[in-house]
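The data block below is run21.pdb; it holds PDB, C-alpha atoms (C1' of nucleotides) and all ligand atoms.
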```
ATOM      1  CA  MET A   1       0.000   0.000   0.000
ATOM      2  CA  ASP A   2       3.045   2.151   0.279
ATOM      3  CA  THR A   3       3.926   1.585  -3.350
ATOM      4  CA  ASN A   4       0.283   2.109  -4.065
ATOM      5  CA  VAL A   5       0.392   5.657  -2.758
ATOM      6  CA  THR A   6       3.676   6.317  -4.516
ATOM      7  CA  GLN A   7       2.227   5.214  -7.814
ATOM      8  CA  LEU A   8      -0.918   7.203  -7.260
ATOM      9  CA  LEU A   9       1.019  10.404  -6.736
ATOM     10  CA  LYS A  10       3.116   9.755  -9.799
ATOM     11  CA  THR A  11       0.040   9.143 -11.878
ATOM     12  CA  TYR A  12      -1.116  12.626 -11.016
ATOM     13  CA  GLU A  13       2.283  14.154 -11.767
ATOM     14  CA  LEU A  14       2.973  14.930  -8.151
ATOM     15  CA  LYS A  15       6.481  14.508  -6.804
ATOM     16  CA  VAL A  16       6.515  11.863  -4.116
ATOM     17  CA  THR A  17       7.451  13.217  -0.701
ATOM     18  CA  PRO A  18       6.863  11.697   2.728
ATOM     19  CA  GLN A  19       4.587  14.619   3.571
ATOM     20  CA  ARG A  20       2.424  13.959   0.562
ATOM     21  CA  MET A  21       2.278  10.256   1.187
ATOM     22  CA  CYS A  22       1.115  10.974   4.677
ATOM     23  CA  ILE A  23      -1.630  13.264   3.432
ATOM     24  CA  VAL A  24      -2.854  10.695   0.950
ATOM     25  CA  GLU A  25      -2.818   7.898   3.491
ATOM     26  CA  GLU A  26      -4.878   9.908   5.937
ATOM     27  CA  LEU A  27      -7.390  10.781   3.255
ATOM     28  CA  MET A  28      -7.600   7.138   2.243
ATOM     29  CA  LYS A  29      -8.161   6.136   5.838
ATOM     30  CA  ASN A  30     -10.601   8.852   6.872
ATOM     31  CA  GLY A  31     -12.392   9.796   3.701
ATOM     32  CA  HIS A  32     -13.323  13.437   4.259
ATOM     33  CA  LEU A  33     -11.131  15.757   6.305
ATOM     34  CA  SER A  34     -10.902  19.484   6.852
ATOM     35  CA  ILE A  35      -7.535  21.207   6.670
ATOM     36  CA  ASP A  36      -7.285  21.251  10.451
ATOM     37  CA  GLU A  37      -8.331  17.655  10.906
ATOM     38  CA  LEU A  38      -5.823  16.623   8.282
ATOM     39  CA  TYR A  39      -3.082  18.659   9.904
ATOM     40  CA  GLU A  40      -3.752  17.161  13.327
ATOM     41  CA  LYS A  41      -3.898  13.582  12.051
ATOM     42  CA  ILE A  42      -0.644  13.955  10.192
ATOM     43  CA  ARG A  43       1.213  15.607  13.048
ATOM     44  CA  GLU A  44       0.687  12.498  15.117
ATOM     45  CA  ARG A  45       2.827  10.575  12.658
ATOM     46  CA  PHE A  46       4.854  13.448  11.296
ATOM     47  CA  PRO A  47       5.274  16.138  13.952
ATOM     48  CA  SER A  48       7.560  18.372  11.910
ATOM     49  CA  LEU A  49       5.022  18.965   9.194
ATOM     50  CA  SER A  50       4.099  22.582   8.758
ATOM     51  CA  LEU A  51       0.603  23.884   8.213
ATOM     52  CA  ALA A  52       1.770  25.893   5.222
ATOM     53  CA  THR A  53       2.913  22.663   3.620
ATOM     54  CA  VAL A  54      -0.549  21.210   4.059
ATOM     55  CA  TYR A  55      -2.094  24.214   2.355
ATOM     56  CA  LYS A  56       0.458  24.127  -0.439
ATOM     57  CA  ASN A  57      -0.091  20.445  -1.055
ATOM     58  CA  ILE A  58      -3.831  20.726  -0.927
ATOM     59  CA  HIS A  59      -3.611  23.287  -3.675
ATOM     60  CA  ALA A  60      -1.130  21.327  -5.739
ATOM     61  CA  MET A  61      -3.339  18.270  -5.462
ATOM     62  CA  MET A  62      -6.462  20.180  -6.380
ATOM     63  CA  ASP A  63      -4.726  21.659  -9.406
ATOM     64  CA  LYS A  64      -3.897  18.153 -10.585
ATOM     65  CA  ASN A  65      -7.443  17.067  -9.874
ATOM     66  CA  PHE A  66      -6.171  14.482  -7.432
ATOM     67  CA  ILE A  67      -8.317  15.681  -4.567
ATOM     68  CA  LYS A  68     -11.532  17.666  -4.328
ATOM     69  CA  GLU A  69     -13.015  20.167  -1.938
ATOM     70  CA  VAL A  70     -16.438  19.418  -0.461
ATOM     71  CA  LYS A  71     -18.291  22.481   0.775
ATOM     72  CA  ILE A  72     -20.758  21.663   3.506
ATOM     73  CA  PRO A  73     -23.293  23.960   5.180
ATOM     74  CA  ASN A  74     -22.192  25.379   8.551
ATOM     75  CA  VAL A  75     -18.813  23.637   8.759
ATOM     76  CA  LYS A  76     -15.376  24.087   7.279
ATOM     77  CA  SER A  77     -14.711  22.503   3.906
ATOM     78  CA  LYS A  78     -13.572  18.914   3.756
ATOM     79  CA  PHE A  79     -11.186  17.386   1.245
ATOM     80  CA  GLU A  80     -11.292  13.960  -0.314
ATOM     81  CA  LEU A  81      -9.487  11.950  -2.944
ATOM     82  CA  THR A  82     -11.148  12.339  -6.326
ATOM     83  CA  LYS A  83     -13.372   9.410  -7.203
ATOM     84  CA  ASN A  84     -16.444   8.665  -9.264
ATOM     85  CA  ASP A  85     -19.054  11.360  -9.106
ATOM     86  CA  HIS A  86     -21.107  11.015  -5.982
ATOM     87  CA  ALA A  87     -23.272  12.957  -3.594
ATOM     88  CA  HIS A  88     -22.697  13.561   0.126
ATOM     89  CA  ILE A  89     -24.791  13.036   3.209
ATOM     90  CA  ILE A  90     -24.048  14.839   6.445
ATOM     91  CA  CYS A  91     -25.344  13.844   9.823
ATOM     92  CA  GLU A  92     -26.487  16.975  11.619
ATOM     93  CA  LYS A  93     -26.084  15.229  14.970
ATOM     94  CA  CYS A  94     -22.619  13.708  14.840
ATOM     95  CA  GLY A  95     -21.144  15.514  11.852
ATOM     96  CA  LYS A  96     -20.296  12.367   9.966
ATOM     97  CA  VAL A  97     -19.877  12.738   6.195
ATOM     98  CA  GLU A  98     -20.610   9.855   3.853
ATOM     99  CA  ASP A  99     -20.657   9.228   0.140
ATOM    100  CA  VAL A 100     -23.753   8.123  -1.660
ATOM    101  CA  ASP A 101     -24.191   7.186  -5.278
ATOM    102  CA  VAL A 102     -27.292   8.701  -6.728
ATOM    103  CA  ASN A 103     -28.556   8.646 -10.226
ATOM    104  CA  SER A 104     -28.555  12.312 -11.074
ATOM    105  CA  LEU A 105     -29.345  12.036 -14.770
ATOM    106  CA  SER A 106     -33.012  12.825 -14.439
ATOM    107  CA  ILE A 107     -32.563  15.761 -12.086
ATOM    108  CA  ILE A 108     -29.851  17.192 -14.332
ATOM    109  CA  LYS A 109     -32.193  16.885 -17.255
ATOM    110  CA  GLU A 110     -34.901  18.641 -15.308
ATOM    111  CA  VAL A 111     -32.545  21.498 -14.449
ATOM    112  CA  GLU A 112     -31.343  21.814 -18.022
ATOM    113  CA  GLU A 113     -34.900  22.006 -19.306
ATOM    114  CA  LYS A 114     -36.009  24.536 -16.756
ATOM    115  CA  SER A 115     -32.947  26.764 -16.997
ATOM    116  CA  SER A 116     -31.586  26.311 -20.540
ATOM    117  CA  TYR A 117     -28.132  25.849 -18.999
ATOM    118  CA  LYS A 118     -25.783  23.122 -20.187
ATOM    119  CA  ILE A 119     -24.917  21.382 -16.912
ATOM    120  CA  ASP A 120     -21.596  19.621 -16.615
ATOM    121  CA  HIS A 121     -21.200  19.157 -12.912
ATOM    122  CA  THR A 122     -23.245  18.746  -9.739
ATOM    123  CA  ASP A 123     -22.567  19.192  -6.050
ATOM    124  CA  LEU A 124     -25.311  17.518  -4.119
ATOM    125  CA  ILE A 125     -25.344  17.716  -0.344
ATOM    126  CA  PHE A 126     -27.998  16.038   1.762
ATOM    127  CA  SER A 127     -28.286  16.821   5.450
ATOM    128  CA  GLY A 128     -30.117  14.738   8.010
ATOM    129  CA  ILE A 129     -29.676  12.214  10.763
ATOM    130  CA  CYS A 130     -27.611   9.075  10.361
ATOM    131  CA  PRO A 131     -28.993   5.655  11.340
ATOM    132  CA  GLU A 132     -26.815   5.486  14.460
ATOM    133  CA  CYS A 133     -27.959   8.849  15.752
ATOM    134  CA  LEU A 134     -31.539   7.986  14.812
ATOM    135  CA  THR A 135     -31.608   4.989  17.140
ATOM    136  CA  LYS A 136     -29.821   6.839  19.952
ATOM    137  CA  GLU A 137     -32.419   9.587  20.182
ATOM    138  CA  SER A 138     -36.197   8.999  19.829
TER     139      SER A 138
ATOM    140  CA  MET B   1     -41.455  48.943  -0.859
ATOM    141  CA  ASP B   2     -39.841  50.785   1.983
ATOM    142  CA  THR B   3     -42.571  49.755   4.376
ATOM    143  CA  ASN B   4     -42.281  46.352   2.832
ATOM    144  CA  VAL B   5     -38.687  45.956   3.995
ATOM    145  CA  THR B   6     -39.491  47.391   7.400
ATOM    146  CA  GLN B   7     -42.273  44.884   7.864
ATOM    147  CA  LEU B   8     -40.098  42.052   6.659
ATOM    148  CA  LEU B   9     -37.412  42.797   9.204
ATOM    149  CA  LYS B  10     -39.979  43.052  11.992
ATOM    150  CA  THR B  11     -41.464  39.725  10.994
ATOM    151  CA  TYR B  12     -38.094  38.145  11.612
ATOM    152  CA  GLU B  13     -37.634  39.930  14.947
ATOM    153  CA  LEU B  14     -34.856  42.114  13.619
ATOM    154  CA  LYS B  15     -34.640  45.687  14.763
ATOM    155  CA  VAL B  16     -35.108  48.011  11.815
ATOM    156  CA  THR B  17     -32.043  50.133  11.068
ATOM    157  CA  PRO B  18     -31.125  51.965   7.886
ATOM    158  CA  GLN B  19     -28.108  49.686   7.503
ATOM    159  CA  ARG B  20     -30.272  46.601   7.626
ATOM    160  CA  MET B  21     -32.808  48.015   5.226
ATOM    161  CA  CYS B  22     -30.012  48.703   2.824
ATOM    162  CA  ILE B  23     -28.741  45.146   3.082
ATOM    163  CA  VAL B  24     -32.179  43.721   2.463
ATOM    164  CA  GLU B  25     -32.839  46.002  -0.482
ATOM    165  CA  GLU B  26     -29.594  45.017  -2.153
ATOM    166  CA  LEU B  27     -30.341  41.358  -1.649
ATOM    167  CA  MET B  28     -33.817  41.851  -3.077
ATOM    168  CA  LYS B  29     -32.369  43.618  -6.073
ATOM    169  CA  ASN B  30     -29.388  41.358  -6.768
ATOM    170  CA  GLY B  31     -30.428  37.960  -5.508
ATOM    171  CA  HIS B  32     -27.164  36.352  -4.489
ATOM    172  CA  LEU B  33     -24.252  38.395  -3.152
ATOM    173  CA  SER B  34     -21.002  37.662  -1.393
ATOM    174  CA  ILE B  35     -20.016  39.654   1.674
ATOM    175  CA  ASP B  36     -17.713  41.831  -0.389
ATOM    176  CA  GLU B  37     -20.183  42.408  -3.190
ATOM    177  CA  LEU B  38     -22.795  43.329  -0.615
ATOM    178  CA  TYR B  39     -20.423  45.675   1.159
ATOM    179  CA  GLU B  40     -19.460  47.438  -2.071
ATOM    180  CA  LYS B  41     -23.052  47.809  -3.261
ATOM    181  CA  ILE B  42     -24.160  49.258   0.025
ATOM    182  CA  ARG B  43     -21.287  51.692   0.310
ATOM    183  CA  GLU B  44     -22.440  53.393  -2.856
ATOM    184  CA  ARG B  45     -25.617  54.393  -1.108
ATOM    185  CA  PHE B  46     -24.358  54.341   2.466
ATOM    186  CA  PRO B  47     -20.649  55.201   2.550
ATOM    187  CA  SER B  48     -20.328  55.213   6.316
ATOM    188  CA  LEU B  49     -21.319  51.574   6.677
ATOM    189  CA  SER B  50     -18.642  49.461   8.275
ATOM    190  CA  LEU B  51     -17.641  45.992   7.154
ATOM    191  CA  ALA B  52     -17.998  44.684  10.682
ATOM    192  CA  THR B  53     -21.609  45.800  10.632
ATOM    193  CA  VAL B  54     -22.191  43.766   7.502
ATOM    194  CA  TYR B  55     -20.720  40.696   9.155
ATOM    195  CA  LYS B  56     -22.718  41.253  12.321
ATOM    196  CA  ASN B  57     -25.943  41.679  10.430
ATOM    197  CA  ILE B  58     -25.326  38.726   8.203
ATOM    198  CA  HIS B  59     -24.988  36.626  11.318
ATOM    199  CA  ALA B  60     -27.992  38.125  13.027
ATOM    200  CA  MET B  61     -30.073  37.510   9.926
ATOM    201  CA  MET B  62     -28.862  33.956   9.536
ATOM    202  CA  ASP B  63     -29.674  33.254  13.166
ATOM    203  CA  LYS B  64     -33.223  34.417  12.539
ATOM    204  CA  ASN B  65     -33.367  32.358   9.378
ATOM    205  CA  PHE B  66     -34.035  35.489   7.382
ATOM    206  CA  ILE B  67     -31.151  34.920   4.984
ATOM    207  CA  LYS B  68     -29.198  31.876   3.919
ATOM    208  CA  GLU B  69     -25.625  31.165   2.882
ATOM    209  CA  VAL B  70     -25.065  29.495  -0.476
ATOM    210  CA  LYS B  71     -21.747  27.683  -0.729
ATOM    211  CA  ILE B  72     -20.518  27.431  -4.297
ATOM    212  CA  PRO B  73     -17.481  25.550  -5.641
ATOM    213  CA  ASN B  74     -14.400  27.726  -6.219
ATOM    214  CA  VAL B  75     -15.922  31.045  -5.202
ATOM    215  CA  LYS B  76     -16.754  32.850  -1.985
ATOM    216  CA  SER B  77     -20.102  32.125  -0.406
ATOM    217  CA  LYS B  78     -23.117  34.115  -1.489
ATOM    218  CA  PHE B  79     -26.038  35.165   0.673
ATOM    219  CA  GLU B  80     -29.694  35.387  -0.259
ATOM    220  CA  LEU B  81     -33.031  36.079   1.349
ATOM    221  CA  THR B  82     -34.629  32.874   2.537
ATOM    222  CA  LYS B  83     -37.302  31.610   0.179
ATOM    223  CA  ASN B  84     -38.929  28.362  -0.855
ATOM    224  CA  ASP B  85     -36.496  25.513  -1.130
ATOM    225  CA  HIS B  86     -34.698  25.661  -4.436
ATOM    226  CA  ALA B  87     -31.531  24.568  -6.161
ATOM    227  CA  HIS B  88     -28.829  26.756  -7.689
ATOM    228  CA  ILE B  89     -27.203  26.893 -11.101
ATOM    229  CA  ILE B  90     -23.859  28.594 -11.605
ATOM    230  CA  CYS B  91     -22.478  29.650 -14.952
ATOM    231  CA  GLU B  92     -18.820  28.663 -15.060
ATOM    232  CA  LYS B  93     -18.170  31.311 -17.710
ATOM    233  CA  CYS B  94     -19.730  34.464 -16.324
ATOM    234  CA  GLY B  95     -20.260  33.469 -12.704
ATOM    235  CA  LYS B  96     -23.973  34.200 -12.703
ATOM    236  CA  VAL B  97     -25.996  32.421 -10.012
ATOM    237  CA  GLU B  98     -29.630  31.569 -10.572
ATOM    238  CA  ASP B  99     -32.404  29.794  -8.732
ATOM    239  CA  VAL B 100     -34.130  26.767 -10.132
ATOM    240  CA  ASP B 101     -37.047  24.847  -8.730
ATOM    241  CA  VAL B 102     -36.489  21.153  -8.959
ATOM    242  CA  ASN B 103     -38.578  18.354  -7.670
ATOM    243  CA  SER B 104     -36.187  16.715  -5.234
ATOM    244  CA  LEU B 105     -38.599  14.251  -3.675
ATOM    245  CA  SER B 106     -37.486  11.266  -5.690
ATOM    246  CA  ILE B 107     -33.766  11.903  -5.281
ATOM    247  CA  ILE B 108     -34.224  12.407  -1.546
ATOM    248  CA  LYS B 109     -36.077   9.127  -1.398
ATOM    249  CA  GLU B 110     -33.275   7.438  -3.289
ATOM    250  CA  VAL B 111     -30.681   8.822  -0.877
ATOM    251  CA  GLU B 112     -32.702   7.804   2.157
ATOM    252  CA  GLU B 113     -33.047   4.275   0.856
ATOM    253  CA  LYS B 114     -29.418   3.899  -0.019
ATOM    254  CA  SER B 115     -28.044   5.467   3.153
ATOM    255  CA  SER B 116     -30.667   4.847   5.846
ATOM    256  CA  TYR B 117     -30.373   8.501   6.799
ATOM    257  CA  LYS B 118     -33.431  10.618   7.517
ATOM    258  CA  ILE B 119     -32.878  13.583   5.199
ATOM    259  CA  ASP B 120     -34.338  16.928   6.126
ATOM    260  CA  HIS B 121     -32.489  19.320   3.905
ATOM    261  CA  THR B 122     -30.723  19.502   0.567
ATOM    262  CA  ASP B 123     -28.173  21.816  -0.987
ATOM    263  CA  LEU B 124     -28.108  21.213  -4.703
ATOM    264  CA  ILE B 125     -25.636  23.088  -6.857
ATOM    265  CA  PHE B 126     -25.472  22.647 -10.603
ATOM    266  CA  SER B 127     -22.575  24.091 -12.581
ATOM    267  CA  GLY B 128     -22.495  24.645 -16.294
ATOM    268  CA  ILE B 129     -22.843  27.272 -18.984
ATOM    269  CA  CYS B 130     -25.725  29.702 -19.132
ATOM    270  CA  PRO B 131     -27.704  30.218 -22.357
ATOM    271  CA  GLU B 132     -26.112  33.632 -22.967
ATOM    272  CA  CYS B 133     -22.580  32.303 -22.679
ATOM    273  CA  LEU B 134     -23.546  29.276 -24.754
ATOM    274  CA  THR B 135     -24.492  31.415 -27.734
ATOM    275  CA  LYS B 136     -21.440  33.667 -27.358
ATOM    276  CA  GLU B 137     -18.929  30.843 -27.640
ATOM    277  CA  SER B 138     -19.451  27.823 -29.931
TER     278      SER B 138
ATOM    279  C1'  DG C   1     -40.378  62.465  25.580
ATOM    280  C1'  DC C   2     -37.853  58.965  28.510
ATOM    281  C1'  DC C   3     -35.599  54.597  29.310
ATOM    282  C1'  DT C   4     -33.063  50.578  28.127
ATOM    283  C1'  DA C   5     -31.223  47.189  25.454
ATOM    284  C1'  DA C   6     -29.626  46.594  20.871
ATOM    285  C1'  DT C   7     -26.828  48.272  17.178
ATOM    286  C1'  DA C   8     -23.260  51.016  14.651
ATOM    287  C1'  DG C   9     -18.647  52.218  13.739
ATOM    288  C1'  DA C  10     -13.681  52.458  14.682
ATOM    289  C1'  DA C  11     -10.078  49.962  15.936
ATOM    290  C1'  DA C  12      -7.796  46.110  17.835
ATOM    291  C1'  DA C  13      -7.605  41.182  18.101
ATOM    292  C1'  DT C  14      -7.787  36.790  16.283
ATOM    293  C1'  DA C  15      -8.148  33.297  12.664
ATOM    294  C1'  DA C  16      -7.260  31.687   8.080
ATOM    295  C1'  DT C  17      -4.572  31.577   4.158
ATOM    296  C1'  DT C  18      -0.705  32.784   1.235
ATOM    297  C1'  DG C  19       3.975  34.339   0.114
ATOM    298  C1'  DT C  20       9.151  34.567   0.806
ATOM    299  C1'  DC C  21      13.437  32.441   1.118
ATOM    300  C1'  DA C  22      17.297  29.482   2.338
ATOM    301  C1'  DA C  23      18.105  24.648   2.945
ATOM    302  C1'  DT C  24      17.090  20.130   1.357
ATOM    303  C1'  DA C  25      15.615  16.238  -1.136
ATOM    304  C1'  DG C  26      13.317  13.979  -5.350
ATOM    305  C1'  DA C  27      14.180  12.317  -9.739
ATOM    306  C1'  DA C  28      16.266  12.468 -14.163
ATOM    307  C1'  DA C  29      20.579  12.537 -16.575
ATOM    308  C1'  DA C  30      25.307  11.431 -16.904
TER     309       DA C  30
ATOM    310  C1'  DT D   1      26.554   5.739  -8.430
ATOM    311  C1'  DT D   2      27.293  10.570  -8.709
ATOM    312  C1'  DT D   3      25.898  14.880 -10.437
ATOM    313  C1'  DT D   4      22.659  18.279 -11.510
ATOM    314  C1'  DC D   5      18.542  20.782 -11.428
ATOM    315  C1'  DT D   6      14.286  21.997  -9.904
ATOM    316  C1'  DA D   7      10.380  21.356  -6.735
ATOM    317  C1'  DT D   8       9.309  21.085  -2.074
ATOM    318  C1'  DT D   9       9.801  21.970   2.840
ATOM    319  C1'  DG D  10       9.533  24.608   7.075
ATOM    320  C1'  DA D  11      10.105  28.862   9.583
ATOM    321  C1'  DC D  12       8.386  33.093   9.464
ATOM    322  C1'  DA D  13       6.406  37.209   7.634
ATOM    323  C1'  DA D  14       2.655  39.154   5.172
ATOM    324  C1'  DT D  15      -2.031  39.197   3.726
ATOM    325  C1'  DT D  16      -6.671  38.538   3.991
ATOM    326  C1'  DA D  17     -10.851  37.296   6.429
ATOM    327  C1'  DT D  18     -13.565  37.402  10.355
ATOM    328  C1'  DT D  19     -14.649  38.512  15.146
ATOM    329  C1'  DT D  20     -14.390  41.120  19.286
ATOM    330  C1'  DT D  21     -14.183  45.205  22.157
ATOM    331  C1'  DC D  22     -15.616  49.522  23.450
ATOM    332  C1'  DT D  23     -18.193  53.787  23.373
ATOM    333  C1'  DA D  24     -21.640  56.638  21.336
ATOM    334  C1'  DT D  25     -25.921  56.474  19.198
ATOM    335  C1'  DT D  26     -30.482  54.833  18.167
ATOM    336  C1'  DA D  27     -34.833  51.970  17.789
ATOM    337  C1'  DG D  28     -38.843  50.774  19.994
ATOM    338  C1'  DG D  29     -41.621  50.209  24.045
ATOM    339  C1'  DC D  30     -43.825  52.655  27.895
TER     340       DC D  30
HETATM  341 MN    MN E 201     -17.036  12.003  -0.960
HETATM  342 MN    MN E 202     -31.172  31.173  -4.423
HETATM  343 ZN    ZN E 203     -24.953  10.794  13.283
HETATM  344 ZN    ZN E 204     -22.781  32.772 -18.357
END
```
Show how you would write the structure in this file as structure tokens.
Ligand SMILES: [Mn+2]
Ligand SMILES: [Mn+2]
Ligand SMILES: [Zn+2]
Ligand SMILES: [Zn+2]
Amino acid sequence: MDTNVTQLLKTYELKVTPQRMCIVEELMKNGHLSIDELYEKIRERFPSLSLATVYKNIHAMMDKNFIKEVKIPNVKSKFELTKNDHAHIICEKCGKVEDVDVNSLSIIKEVEEKSSYKIDHTDLIFSGICPECLTKES
Amino acid sequence: MDTNVTQLLKTYELKVTPQRMCIVEELMKNGHLSIDELYEKIRERFPSLSLATVYKNIHAMMDKNFIKEVKIPNVKSKFELTKNDHAHIICEKCGKVEDVDVNSLSIIKEVEEKSSYKIDHTDLIFSGICPECLTKES
DNA sequence: GCCTAATAGAAAATAATTGTCAATAGAAAA
DNA sequence: TTTTCTATTGACAATTATTTTCTATTAGGC
């Protein structure tokens, strides 16, 4: 999995550094992380890492389309490794963020018809209560 | 329309000040504005207004659910007067932001089934090219 | 009109992000 | 391997964005 990360970075034309490998590994492990969460996670394993380096790498990786920003109501943006188009669900209780595959073809079509725009991208965020939090309350 | 704004603010339990009326009028006129756009617009009519006042009012109005933040990929958040649930379309060429009414019942249902979450809110952003920009290029 | 709590504005404080620069470390070439 | 060259790192400064503090003013109720 070490070589895995190395190869991944190379595929996206990103020089392989220990700092970057660390970032990728944390994103693989945790899915969606804010800058601060990412910074804290990495410092546990890599205490010398500087926050500026995190910012710089986040930008480099976004430029190469290797990672994506997810903007969520009320909280700081999260970042994730780029993968197949998908929507996000946020639990308003515990803050958990999850992926969900939805078929967005029909809603895109509806939007295109109503607006006359040519749509090429969607950002769909659903907020609610996750199954765990649902059972806990009630 | 002056009394209109006054009444609106009172409805949302917000003390009526000239600064607030100005904010509301600009939002009514322009639809979706970032903090900076709002600040600039208002200064034309109300040069003494301070940026901190804009921030404070934006927060007060969000707390009362009178306005809403719209988070859009790549650009600073916009704010709008709260209205019926609706989605947003962004033109990637000219940056225009428009409302669009979509029927989200079926996609919400799909998400709930796939995730077991209880969804109570959606933020749907569609990005593409607006009809005006479409004709200009090609 | 008078009273009181809320709000405005100026400025300082804090938080978030970006830029600078010398030292270092990838990675490609020799 | 060793050399070379450029990109990256980390410390720190500089910006930019947002929030707080404080005092004077004002809206809205009595
Ligand atoms: Mn995701
Ligand atoms: Mn809108
Ligand atoms: Zn939860
Ligand atoms: Zn356009």
**Request:** On this file, the PyMOL selection byres ((chain D) within 9 of (chain B)) gives some set of residues; write that set as a PyMOL selection string.
**Result:** chain D and resi 18-19+26-28
I need the output of the PyMOL selection byres (((not hetatm)) within 9 of (chain E and resi 201)) for this file as a PDB file with C-alpha atoms, in the frame of the given file; which residues are they?
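Ended up saving to expr_39.pdb:
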```pdb
ATOM      1  CA  GLY A  31     -12.392   9.796   3.701  1.00  0.00           C
ATOM      2  CA  HIS A  32     -13.323  13.437   4.259  1.00  0.00           C
ATOM      3  CA  LYS A  68     -11.532  17.666  -4.328  1.00  0.00           C
ATOM      4  CA  VAL A  70     -16.438  19.418  -0.461  1.00  0.00           C
ATOM      5  CA  PHE A  79     -11.186  17.386   1.245  1.00  0.00           C
ATOM      6  CA  GLU A  80     -11.292  13.960  -0.314  1.00  0.00           C
ATOM      7  CA  LEU A  81      -9.487  11.950  -2.944  1.00  0.00           C
ATOM      8  CA  THR A  82     -11.148  12.339  -6.326  1.00  0.00           C
ATOM      9  CA  LYS A  83     -13.372   9.410  -7.203  1.00  0.00           C
ATOM     10  CA  ASN A  84     -16.444   8.665  -9.264  1.00  0.00           C
ATOM     11  CA  ASP A  85     -19.054  11.360  -9.106  1.00  0.00           C
ATOM     12  CA  HIS A  86     -21.107  11.015  -5.982  1.00  0.00           C
ATOM     13  CA  ALA A  87     -23.272  12.957  -3.594  1.00  0.00           C
ATOM     14  CA  HIS A  88     -22.697  13.561   0.126  1.00  0.00           C
ATOM     15  CA  ILE A  89     -24.791  13.036   3.209  1.00  0.00           C
ATOM     16  CA  VAL A  97     -19.877  12.738   6.195  1.00  0.00           C
ATOM     17  CA  GLU A  98     -20.610   9.855   3.853  1.00  0.00           C
ATOM     18  CA  ASP A  99     -20.657   9.228   0.140  1.00  0.00           C
ATOM     19  CA  VAL A 100     -23.753   8.123  -1.660  1.00  0.00           C
TER      20      VAL A 100
END
```
**Request:** Return as a PyMOL selection string the residues of protein, DNA or RNA that approach ligand ZN 204 (chain E) to within 12 Å, with all atoms listed in the file taken into account.
**Result:** (chain A and resi 115-119) or (chain B and resi 89-98+127-137)
**Request:** Would you please work out which residue, of C:DA29, C:DA16, C:DC2, C:DA8, is nearest to chain A when using only C-alpha atoms (C1' of nucleotides)?
**Result:**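 Among the listed residues, C:DA16 lies closest to chain A.
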**Message:** Can you translate the PyMOL selection byres ((chain B) within 8 of (chain C)) into the concrete residues it hits in this file, as a ChimeraX atom specification?
**Reply:** /B:15,49-50,53
**Message:** So, with all atoms listed in the file as the atoms that count, which of A:Ile72, A:Leu38, A:Leu105, A:Val24 lies closest to chain B?
**Reply:**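 Selected residue with least distance to chain B: A:Ile72.
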**Request:** Between CA of Glu26 in chain A and CA of Lys76 in chain A, measure the distance and give it in Å to one decimal.
**Result:** 17.7 Å
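Nearest-residue note for chain B: choosing from A:Val111, A:Leu51, A:Ile35, A:Val5, the minimum distance belongs to A:Val111, counting only C-alpha atoms.
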**Request:** One decimal, Å: what's the distance from CA of Tyr12 in chain A over to CA of Asp101 in chain A, could you say?
**Result:** 24.4 Å
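Distance annotation: of B:Glu112, B:Lys78, B:Lys71, B:Glu44, the residue with the minimal separation from chain A is B:Lys71; atom set is only C-alpha atoms.
Atom pair CA of His59 in chain B / atom ZN of ligand ZN 203 (chain E): separated by 25.9 Å.
With only C-alpha atoms as the atoms that count, the minimum distance from chain A to the choices B:Ser48, B:Thr122, B:Ser34, B:Ser77 is reached by B:Thr122.
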**Prompt:** Pick the closest to Pro73 in chain B from A:Lys109, A:Arg20, A:Lys41, A:His121: which is it, counting only C-alpha atoms?
**Reply:**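 Distance minimum relative to Pro73 in chain B lands on A:His121.
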Regenerate range 46-51 of chain B at the level of N, CA, C and O atoms and dump it as a PDB file, in the frame of the given file.
```
ATOM      1  N   PHE B  46     -24.482  54.179   1.022  1.00  0.00           N
ATOM      2  CA  PHE B  46     -24.358  54.341   2.466  1.00  0.00           C
ATOM      3  C   PHE B  46     -22.892  54.260   2.848  1.00  0.00           C
ATOM      4  O   PHE B  46     -22.438  53.301   3.472  1.00  0.00           O
ATOM      5  N   PRO B  47     -22.110  55.282   2.472  1.00  0.00           N
ATOM      6  CA  PRO B  47     -20.649  55.201   2.550  1.00  0.00           C
ATOM      7  C   PRO B  47     -20.092  54.986   3.954  1.00  0.00           C
ATOM      8  O   PRO B  47     -18.983  54.500   4.100  1.00  0.00           O
ATOM      9  N   SER B  48     -20.875  55.320   4.960  1.00  0.00           N
ATOM     10  CA  SER B  48     -20.328  55.213   6.316  1.00  0.00           C
ATOM     11  C   SER B  48     -20.431  53.793   6.874  1.00  0.00           C
ATOM     12  O   SER B  48     -19.900  53.494   7.928  1.00  0.00           O
ATOM     13  N   LEU B  49     -21.123  52.935   6.161  1.00  0.00           N
ATOM     14  CA  LEU B  49     -21.319  51.574   6.677  1.00  0.00           C
ATOM     15  C   LEU B  49     -19.999  50.846   6.867  1.00  0.00           C
ATOM     16  O   LEU B  49     -19.118  50.888   6.012  1.00  0.00           O
ATOM     17  N   SER B  50     -19.893  50.185   7.991  1.00  0.00           N
ATOM     18  CA  SER B  50     -18.642  49.461   8.275  1.00  0.00           C
ATOM     19  C   SER B  50     -18.765  47.981   7.944  1.00  0.00           C
ATOM     20  O   SER B  50     -19.835  47.384   8.032  1.00  0.00           O
ATOM     21  N   LEU B  51     -17.635  47.401   7.545  1.00  0.00           N
ATOM     22  CA  LEU B  51     -17.641  45.992   7.154  1.00  0.00           C
ATOM     23  C   LEU B  51     -18.053  45.103   8.325  1.00  0.00           C
ATOM     24  O   LEU B  51     -18.769  44.116   8.148  1.00  0.00           O
TER      25      LEU B  51
END
```
